[in-house]
Amino acid sequence: MTGVQTCALPIYLYGTISNNGAKTVGSVFKVTTGGTLTDIYDFCPGTTCTDGSYPMGGVTLGFDGNLRGTTQAGGAGNAGTVFKLTPTGTLTTLHSFVNGTDDSVPVYATLQGQDGNTYGVSIGQYNTQYGSFFKLTASGTFTVLHDFTKTDGDYPNLPAQGTDGNFYGTTVFGGSKGWGVVYKMTSAGKVTVLHNFIGYPTDGTYPRGILVQGEDGNFYGTTYQGGSNNEGSVFKITPAGVFTLIHSFVYASPSFDGQLPWDGLTLGPDGNFYGTTANGGTKNDGTLFKITPSGTETVLYNFCDPSCNGYYPATPLVLETDGNFYGNTNGNSNGGSVFYRLSMG
């Protein structure tokens with residue numbers, strides 16, 4: 001019998017750090033699932049180059065195998081950039097914001113649409129604007145598809161593209177109460193507000209993170225505050241706008257199930273959703289949790305318990321091809337900033 005020899009290629013996860021690198025204005029890195037980290041690009045200040053500085057939102061893998069992301073400062077207009085980066089570290093600036101009609105200060109990664117174009121949001125804080133939704137074609141044409149008006153939202157999170165081709169997203173502020181909205185947007189930029197958050201105790205406040213579409217076709221997300229305890233919530237909304245609050249977090253005995261979710265949810269292969277809370281849990285350092293589409297929540301891990309391996313999770317979970325979830329924690333001045341793996345078997 002002849003044996004077949006195989007060689008497994010390493011799996012890399014890519015991300016950004018906003019204030020490190022050779023010039024202390026941010027970098028892009030890759031890390032293996034075994035924990036080996038490599039810096040692949042260092043940004044530099046706008047006074048010496050125009051590639052951007054202070055990348056906040058990580059990077060997204062494009063159909064062409066390259067990475068795309070944003071910086072919240074730097075660039076030709078010193079108001080942020082959209083960039084493309086090869087996995088080996090060659091950077092191309094695709095757009096420099098000028099704090100004009102294109103707004104400014106993108107703080108999230110971009111997404112690649114089903115049409116192959118790159119889409120993203122900017123928050124527009126420098127020009128008394130409320131944020132924009134933009135498109136960038138493969139040839140480099142930049143177009144603002146929608147400027148938020150505060151009535152239809154303020155400070156947009158990165159949206160998700162639904163199976164119907166429309167984009168579904170949230171804004172942290174704006175809407176009828178100023179506590180955020182859920183919206184639907186066509187690829188041409190027409191916005192429909194699906195839900196105005198009205199806050200504690202029957203609704204959420206300040207939605208954070210990208211929405212995720214479940215196997216039932218509905219969208220699921222989290223709010224930083226609100227819910228029955230004003231400590232954050234998980235909600236479901238149909239593409240037509242029927243809204244349901246399915247879980248309210250509580251930092252109290254006996255559940256200590258988390259508090260202040262920051263990063264939205266990730267759909268698992270079992271049809272359930274996985275996420276983190278920035279605080280709460282048995283040590284008040286954050287939790288990892290699972291929640292079913294009907295709202296049954298289970299705490300999977302309490303950070304800083306028992307070995308204090310990281311605290312204050314700050315990024316969405318990523319489901320890798322090895323079947324595990326990966327994420328990282330912010331920590332603080334005392335440490336606690338780590339990469340971690342969550343295995344569900």
# chains A, B, ... in the order shown; residues from 1 in each chain; ligands from 1

$ residues_around --residues "Ala73 of chain A" --least-positions-apart "4" --cutoff "8 Å" --atoms "only C-alpha atoms" --output "mmCIF file with N, CA and C atoms, in the first residue's frame"
data_model
loop_
_atom_site.group_PDB
_atom_site.id
_atom_site.type_symbol
_atom_site.label_atom_id
_atom_site.label_comp_id
_atom_site.auth_asym_id
_atom_site.auth_seq_id
_atom_site.Cartn_x
_atom_site.Cartn_y
_atom_site.Cartn_z
ATOM 1 N N GLY A 52 -1.630 56.988 5.147
ATOM 2 C CA GLY A 52 -2.612 56.868 6.219
ATOM 3 C C GLY A 52 -1.981 56.597 7.563
ATOM 4 N N SER A 53 -2.764 56.780 8.603
ATOM 5 C CA SER A 53 -2.285 56.507 9.959
ATOM 6 C C SER A 53 -3.475 56.162 10.851
ATOM 7 N N TYR A 54 -3.200 55.415 11.910
ATOM 8 C CA TYR A 54 -4.168 54.984 12.912
ATOM 9 C C TYR A 54 -5.289 54.124 12.320
ATOM 10 N N PRO A 55 -4.943 52.960 11.780
ATOM 11 C CA PRO A 55 -5.975 52.030 11.301
ATOM 12 C C PRO A 55 -6.713 51.411 12.491
ATOM 13 N N ASN A 78 -5.309 64.233 5.015
ATOM 14 C CA ASN A 78 -5.171 64.039 6.462
ATOM 15 C C ASN A 78 -6.513 63.796 7.139
ATOM 16 N N ALA A 79 -7.413 63.092 6.426
ATOM 17 C CA ALA A 79 -8.734 62.792 6.981
ATOM 18 C C ALA A 79 -9.059 61.318 6.856
ATOM 19 N N GLY A 80 -8.025 60.483 6.614
ATOM 20 C CA GLY A 80 -8.231 59.048 6.510
ATOM 21 C C GLY A 80 -8.085 58.537 5.091
ATOM 22 N N THR A 81 -7.953 57.215 4.969
ATOM 23 C CA THR A 81 -7.745 56.577 3.668
ATOM 24 C C THR A 81 -8.488 55.255 3.589
ATOM 25 N N VAL A 105 -12.733 60.256 8.345
ATOM 26 C CA VAL A 105 -12.504 59.425 9.527
ATOM 27 C C VAL A 105 -13.194 58.059 9.456
#

$ residues_around --residues "segment 306-323 of chain A" --least-positions-apart "3" --cutoff "7 Å" --atoms "only C-alpha atoms" --output "PyMOL selection string"
chain A and resi 262-266+275-279+285-286+303+326-331+336-338

$ write_last_selection --atoms "N, CA, C and O atoms" --output "mmCIF file, in the first residue's frame"
data_model
loop_
_atom_site.group_PDB
_atom_site.id
_atom_site.type_symbol
_atom_site.label_atom_id
_atom_site.label_comp_id
_atom_site.auth_asym_id
_atom_site.auth_seq_id
_atom_site.Cartn_x
_atom_site.Cartn_y
_atom_site.Cartn_z
ATOM 1 N N TRP A 262 -20.062 44.870 22.452
ATOM 2 C CA TRP A 262 -19.432 45.912 21.645
ATOM 3 C C TRP A 262 -19.323 45.547 20.175
ATOM 4 O O TRP A 262 -19.235 46.426 19.319
ATOM 5 N N ASP A 263 -19.322 44.258 19.834
ATOM 6 C CA ASP A 263 -18.842 43.849 18.517
ATOM 7 C C ASP A 263 -19.814 43.065 17.661
ATOM 8 O O ASP A 263 -19.415 42.502 16.647
ATOM 9 N N GLY A 264 -21.060 42.972 18.032
ATOM 10 C CA GLY A 264 -21.994 42.230 17.211
ATOM 11 C C GLY A 264 -21.839 40.731 17.376
ATOM 12 O O GLY A 264 -21.253 40.240 18.351
ATOM 13 N N LEU A 265 -22.345 39.985 16.410
ATOM 14 C CA LEU A 265 -22.426 38.529 16.491
ATOM 15 C C LEU A 265 -21.771 37.885 15.279
ATOM 16 O O LEU A 265 -21.619 38.495 14.227
ATOM 17 N N THR A 266 -21.400 36.609 15.435
ATOM 18 C CA THR A 266 -20.869 35.790 14.350
ATOM 19 C C THR A 266 -21.717 34.535 14.237
ATOM 20 O O THR A 266 -22.001 33.884 15.252
ATOM 21 N N GLY A 275 -20.692 35.559 20.332
ATOM 22 C CA GLY A 275 -20.253 36.932 20.508
ATOM 23 C C GLY A 275 -19.567 37.138 21.839
ATOM 24 O O GLY A 275 -19.348 36.199 22.614
ATOM 25 N N THR A 276 -19.249 38.387 22.111
ATOM 26 C CA THR A 276 -18.558 38.758 23.340
ATOM 27 C C THR A 276 -19.244 39.964 23.974
ATOM 28 O O THR A 276 -19.952 40.720 23.312
ATOM 29 N N THR A 277 -19.026 40.124 25.270
ATOM 30 C CA THR A 277 -19.384 41.363 25.951
ATOM 31 C C THR A 277 -18.107 41.987 26.486
ATOM 32 O O THR A 277 -17.182 41.286 26.911
ATOM 33 N N ALA A 278 -18.049 43.311 26.447
ATOM 34 C CA ALA A 278 -16.834 44.005 26.868
ATOM 35 C C ALA A 278 -16.639 43.968 28.369
ATOM 36 O O ALA A 278 -15.509 44.070 28.865
ATOM 37 N N ASN A 279 -17.724 43.824 29.098
ATOM 38 C CA ASN A 279 -17.672 43.758 30.562
ATOM 39 C C ASN A 279 -18.608 42.653 31.029
ATOM 40 O O ASN A 279 -19.158 41.909 30.231
ATOM 41 N N ASP A 285 -14.841 41.180 33.550
ATOM 42 C CA ASP A 285 -13.818 41.428 32.545
ATOM 43 C C ASP A 285 -14.261 40.977 31.159
ATOM 44 O O ASP A 285 -13.449 40.886 30.234
ATOM 45 N N GLY A 286 -15.563 40.672 31.005
ATOM 46 C CA GLY A 286 -16.073 40.276 29.711
ATOM 47 C C GLY A 286 -16.389 38.794 29.622
ATOM 48 O O GLY A 286 -15.918 37.981 30.430
ATOM 49 N N PHE A 303 -13.892 35.875 30.969
ATOM 50 C CA PHE A 303 -12.508 36.328 30.906
ATOM 51 C C PHE A 303 -11.983 36.636 32.303
ATOM 52 O O PHE A 303 -12.728 37.037 33.205
ATOM 53 N N TYR A 326 -11.808 32.706 16.523
ATOM 54 C CA TYR A 326 -10.641 33.440 16.988
ATOM 55 C C TYR A 326 -11.033 34.874 17.299
ATOM 56 O O TYR A 326 -11.946 35.441 16.688
ATOM 57 N N GLY A 327 -10.325 35.468 18.260
ATOM 58 C CA GLY A 327 -10.585 36.852 18.624
ATOM 59 C C GLY A 327 -9.451 37.402 19.448
ATOM 60 O O GLY A 327 -8.433 36.731 19.667
ATOM 61 N N ASN A 328 -9.599 38.631 19.911
ATOM 62 C CA ASN A 328 -8.578 39.197 20.785
ATOM 63 C C ASN A 328 -9.218 40.100 21.824
ATOM 64 O O ASN A 328 -10.374 40.515 21.697
ATOM 65 N N THR A 329 -8.465 40.366 22.857
ATOM 66 C CA THR A 329 -8.917 41.247 23.924
ATOM 67 C C THR A 329 -8.079 42.515 23.930
ATOM 68 O O THR A 329 -6.906 42.501 23.541
ATOM 69 N N ASN A 330 -8.677 43.606 24.410
ATOM 70 C CA ASN A 330 -7.956 44.876 24.505
ATOM 71 C C ASN A 330 -7.000 44.903 25.674
ATOM 72 O O ASN A 330 -5.893 45.414 25.578
ATOM 73 N N GLY A 331 -7.450 44.380 26.825
ATOM 74 C CA GLY A 331 -6.661 44.542 28.029
ATOM 75 C C GLY A 331 -6.647 45.996 28.462
ATOM 76 O O GLY A 331 -7.462 46.820 28.038
ATOM 77 N N GLY A 336 -3.144 42.033 29.694
ATOM 78 C CA GLY A 336 -4.412 41.380 29.389
ATOM 79 C C GLY A 336 -4.842 41.469 27.938
ATOM 80 O O GLY A 336 -5.987 41.154 27.614
ATOM 81 N N SER A 337 -3.940 41.906 27.042
ATOM 82 C CA SER A 337 -4.258 41.963 25.614
ATOM 83 C C SER A 337 -3.728 40.698 24.951
ATOM 84 O O SER A 337 -2.512 40.496 24.867
ATOM 85 N N VAL A 338 -4.624 39.824 24.494
ATOM 86 C CA VAL A 338 -4.214 38.515 23.988
ATOM 87 C C VAL A 338 -5.017 38.149 22.748
ATOM 88 O O VAL A 338 -6.089 38.704 22.488
#

$ residues_around --residues "Thr170 of chain A" --least-positions-apart "6" --cutoff "6 Å" --atoms "only C-alpha atoms" --output "ChimeraX atom specification"
/A:157,181-182

$ closest_residue --among "A:Phe173, A:Val82, A:Gly221, A:Gly178" --to "Leu136 of chain A" --atoms "only C-alpha atoms"
A:Val82

$ residues_around --residues "Asp270 of chain A" --least-positions-apart "3" --cutoff "10 Å" --atoms "only C-alpha atoms" --output "short mmCIF file (atom, residue, chain, number, x, y, z; two decimals) with all heavy atoms, in the first residue's frame"
data_model
loop_
_atom_site.label_atom_id
_atom_site.label_comp_id
_atom_site.auth_asym_id
_atom_site.auth_seq_id
_atom_site.Cartn_x
_atom_site.Cartn_y
_atom_site.Cartn_z
N GLU A 215 -29.67 31.86 9.34
CA GLU A 215 -30.14 30.86 8.38
C GLU A 215 -31.63 31.03 8.08
O GLU A 215 -32.12 30.53 7.06
CB GLU A 215 -29.86 29.46 8.92
CG GLU A 215 -28.36 29.16 9.00
CD GLU A 215 -28.08 27.78 9.57
OE1 GLU A 215 -29.05 27.13 10.05
OE2 GLU A 215 -26.91 27.34 9.53
N LEU A 267 -22.14 34.20 13.03
CA LEU A 267 -22.94 33.00 12.80
C LEU A 267 -22.06 31.77 12.82
O LEU A 267 -21.05 31.70 12.11
CB LEU A 267 -23.69 33.10 11.47
CG LEU A 267 -24.55 31.91 11.07
CD1 LEU A 267 -25.70 31.72 12.04
CD2 LEU A 267 -25.08 32.08 9.64
N PHE A 273 -25.53 31.87 17.19
CA PHE A 273 -24.69 33.05 17.09
C PHE A 273 -23.73 33.10 18.27
O PHE A 273 -24.07 32.71 19.39
CB PHE A 273 -25.56 34.32 17.06
CG PHE A 273 -26.54 34.32 15.93
CD1 PHE A 273 -27.85 33.90 16.14
CD2 PHE A 273 -26.17 34.70 14.66
CE1 PHE A 273 -28.76 33.89 15.11
CE2 PHE A 273 -27.07 34.69 13.61
CZ PHE A 273 -28.36 34.27 13.83
N THR A 292 -29.07 31.35 20.76
CA THR A 292 -29.86 30.73 19.70
C THR A 292 -30.71 31.80 19.02
O THR A 292 -30.93 32.88 19.56
CB THR A 292 -30.77 29.64 20.27
OG1 THR A 292 -31.78 30.26 21.09
CG2 THR A 292 -29.98 28.63 21.10
#

$ residues_around --residues "Tyr301 of chain A" --least-positions-apart "4" --cutoff "9 Å" --atoms "only C-alpha atoms" --output "JSON, numbers by chain"
{"A": [281, 286, 287, 288, 289, 305]}

$ residues_around --residues "Gly227 of chain A" --least-positions-apart "2" --cutoff "9 Å" --atoms "only C-alpha atoms" --output "list in words"
Gly199, Tyr200, Pro201, Thr202, Asp203, Gly204, Thr205, Thr223, Gln225, Asn229, Asn230, Glu231, Gly232, Ser233, Val234, Leu245, His247, Ser248 and Phe249 of chain A

$ write_last_selection --atoms "N, CA and C atoms" --output "short mmCIF file (atom, residue, chain, number, x, y, z; two decimals), in the first residue's frame"
data_model
loop_
_atom_site.label_atom_id
_atom_site.label_comp_id
_atom_site.auth_asym_id
_atom_site.auth_seq_id
_atom_site.Cartn_x
_atom_site.Cartn_y
_atom_site.Cartn_z
N GLY A 199 -34.75 52.47 23.49
CA GLY A 199 -34.04 52.32 24.75
C GLY A 199 -34.75 51.54 25.84
N TYR A 200 -34.11 51.54 26.98
CA TYR A 200 -34.54 50.85 28.21
C TYR A 200 -35.97 51.21 28.54
N PRO A 201 -36.81 50.23 28.96
CA PRO A 201 -36.49 48.82 29.24
C PRO A 201 -36.96 47.85 28.16
N THR A 202 -37.64 48.35 27.13
CA THR A 202 -38.25 47.44 26.15
C THR A 202 -37.46 47.34 24.85
N ASP A 203 -36.39 48.12 24.71
CA ASP A 203 -35.67 48.17 23.45
C ASP A 203 -34.20 48.42 23.74
N GLY A 204 -33.38 48.37 22.71
CA GLY A 204 -31.96 48.59 22.87
C GLY A 204 -31.59 50.06 22.70
N THR A 205 -30.32 50.35 22.99
CA THR A 205 -29.75 51.68 22.85
C THR A 205 -28.32 51.55 22.32
N THR A 223 -26.95 45.67 20.95
CA THR A 223 -26.87 47.07 21.37
C THR A 223 -26.00 47.16 22.61
N GLN A 225 -26.15 49.32 25.07
CA GLN A 225 -26.96 49.52 26.28
C GLN A 225 -28.41 49.20 25.95
N ASN A 229 -32.36 45.57 31.52
CA ASN A 229 -31.46 45.97 32.60
C ASN A 229 -30.55 47.14 32.22
N ASN A 230 -30.75 47.67 31.03
CA ASN A 230 -29.93 48.76 30.49
C ASN A 230 -28.45 48.40 30.45
N GLU A 231 -28.15 47.12 30.21
CA GLU A 231 -26.77 46.65 30.15
C GLU A 231 -26.45 45.99 28.81
N GLY A 232 -27.32 46.24 27.81
CA GLY A 232 -27.09 45.69 26.49
C GLY A 232 -28.10 44.64 26.12
N SER A 233 -28.23 44.40 24.81
CA SER A 233 -29.25 43.47 24.35
C SER A 233 -28.83 42.81 23.05
N VAL A 234 -29.57 41.76 22.70
CA VAL A 234 -29.48 41.10 21.39
C VAL A 234 -30.86 41.23 20.74
N LEU A 245 -36.77 42.12 20.41
CA LEU A 245 -35.69 42.06 21.39
C LEU A 245 -35.66 40.64 21.95
N HIS A 247 -32.91 39.14 23.82
CA HIS A 247 -32.15 38.89 25.05
C HIS A 247 -31.69 40.21 25.65
N SER A 248 -31.78 40.31 26.97
CA SER A 248 -31.24 41.44 27.73
C SER A 248 -30.13 40.93 28.64
N PHE A 249 -28.97 41.52 28.55
CA PHE A 249 -27.85 41.11 29.40
C PHE A 249 -28.05 41.63 30.82
#

$ residues_around --residues "Asp102 of chain A" --least-positions-apart "6" --cutoff "9 Å" --atoms "only C-alpha atoms" --output "PyMOL selection string"
chain A and resi 122+124+131-134+142-144+147

$ write_last_selection --atoms "N, CA, C and O atoms" --output "JSON list (two decimals), in the first residue's frame"
[["chain", "number", "residue", "atom", "x", "y", "z"],
["A", 122, "SER", "N", -17.86, 56.07, 6.54],
["A", 122, "SER", "CA", -17.05, 57.02, 7.30],
["A", 122, "SER", "C", -17.95, 57.72, 8.29],
["A", 122, "SER", "O", -19.17, 57.80, 8.10],
["A", 124, "GLY", "N", -17.49, 60.98, 9.62],
["A", 124, "GLY", "CA", -17.70, 62.39, 9.31],
["A", 124, "GLY", "C", -17.63, 63.34, 10.48],
["A", 124, "GLY", "O", -18.31, 64.36, 10.47],
["A", 131, "GLY", "N", -21.91, 61.05, 8.81],
["A", 131, "GLY", "CA", -21.38, 59.82, 8.25],
["A", 131, "GLY", "C", -21.88, 59.56, 6.85],
["A", 131, "GLY", "O", -22.90, 60.11, 6.42],
["A", 132, "SER", "N", -21.16, 58.73, 6.12],
["A", 132, "SER", "CA", -21.52, 58.42, 4.75],
["A", 132, "SER", "C", -21.32, 56.94, 4.47],
["A", 132, "SER", "O", -20.59, 56.24, 5.19],
["A", 133, "PHE", "N", -21.96, 56.48, 3.41],
["A", 133, "PHE", "CA", -21.78, 55.12, 2.89],
["A", 133, "PHE", "C", -21.20, 55.28, 1.49],
["A", 133, "PHE", "O", -21.76, 56.00, 0.66],
["A", 134, "PHE", "N", -20.07, 54.63, 1.21],
["A", 134, "PHE", "CA", -19.38, 54.85, -0.05],
["A", 134, "PHE", "C", -19.09, 53.55, -0.79],
["A", 134, "PHE", "O", -19.11, 52.45, -0.20],
["A", 142, "PHE", "N", -14.31, 56.41, -6.77],
["A", 142, "PHE", "CA", -14.91, 56.57, -5.44],
["A", 142, "PHE", "C", -16.23, 57.32, -5.57],
["A", 142, "PHE", "O", -16.29, 58.38, -6.20],
["A", 143, "THR", "N", -17.29, 56.79, -4.94],
["A", 143, "THR", "CA", -18.60, 57.42, -4.99],
["A", 143, "THR", "C", -19.24, 57.37, -3.61],
["A", 143, "THR", "O", -19.28, 56.30, -2.99],
["A", 144, "VAL", "N", -19.72, 58.51, -3.13],
["A", 144, "VAL", "CA", -20.55, 58.52, -1.93],
["A", 144, "VAL", "C", -21.97, 58.16, -2.33],
["A", 144, "VAL", "O", -22.60, 58.87, -3.11],
["A", 147, "ASP", "N", -25.28, 60.13, 2.24],
["A", 147, "ASP", "CA", -24.88, 60.90, 3.42],
["A", 147, "ASP", "C", -25.99, 60.80, 4.45],
["A", 147, "ASP", "O", -27.15, 61.14, 4.16]]

$ closest_residue --among "A:Thr16, A:Thr222, A:Gln72, A:Thr50" --to "Thr38 of chain A" --atoms "only C-alpha atoms"
A:Thr16

$ closest_residue --among "A:Ser294, A:Asn66, A:Thr71, A:Asn324" --to "Thr88 of chain A" --atoms "only C-alpha atoms"
A:Asn66

$ closest_atom_pairs --of "segment 6-125 of chain A" --to "segment 151-156 of chain A" --cutoff "12 Å" --atoms "only C-alpha atoms" --output "Markdown table"
| residue | atom | partner | partner_atom | distance |
| --- | --- | --- | --- | --- |
| A:Asp103 | CA | A:Tyr155 | CA | 11.3 |
| A:Ser104 | CA | A:Tyr155 | CA | 11.3 |
| A:Val105 | CA | A:Tyr155 | CA | 10.6 |
| A:Pro106 | CA | A:Pro156 | CA | 9.9 |
| A:Val107 | CA | A:Pro156 | CA | 10.0 |
| A:Tyr108 | CA | A:Pro156 | CA | 9.6 |
| A:Gly120 | CA | A:Pro156 | CA | 9.7 |
| A:Val121 | CA | A:Pro156 | CA | 6.6 |
| A:Ser122 | CA | A:Pro156 | CA | 7.4 |
| A:Ile123 | CA | A:Tyr155 | CA | 5.0 |
| A:Gly124 | CA | A:Tyr155 | CA | 7.7 |
| A:Gln125 | CA | A:Tyr155 | CA | 8.5 |

$ closest_residue --among "A:Gly295, A:Gly89, A:Pro239, A:Gly62" --to "Tyr168 of chain A" --atoms "only C-alpha atoms"
A:Pro239

$ select_by_dssp --residues "segment 150-184 of chain A" --states "strand (DSSP E)" --output "JSON, numbers by chain"
{"A": [154, 155, 156, 160, 161, 167, 168, 169, 170, 171, 172, 173, 181, 182, 183, 184]}

$ closest_residue --among "A:Thr60, A:Thr163, A:Ala138, A:Phe325" --to "Tyr340 of chain A" --atoms "only C-alpha atoms"
A:Phe325

$ atom_distance --atom1 "atom CA of Lys84 of chain A" --atom2 "atom CA of Thr186 of chain A"
24.9 Å
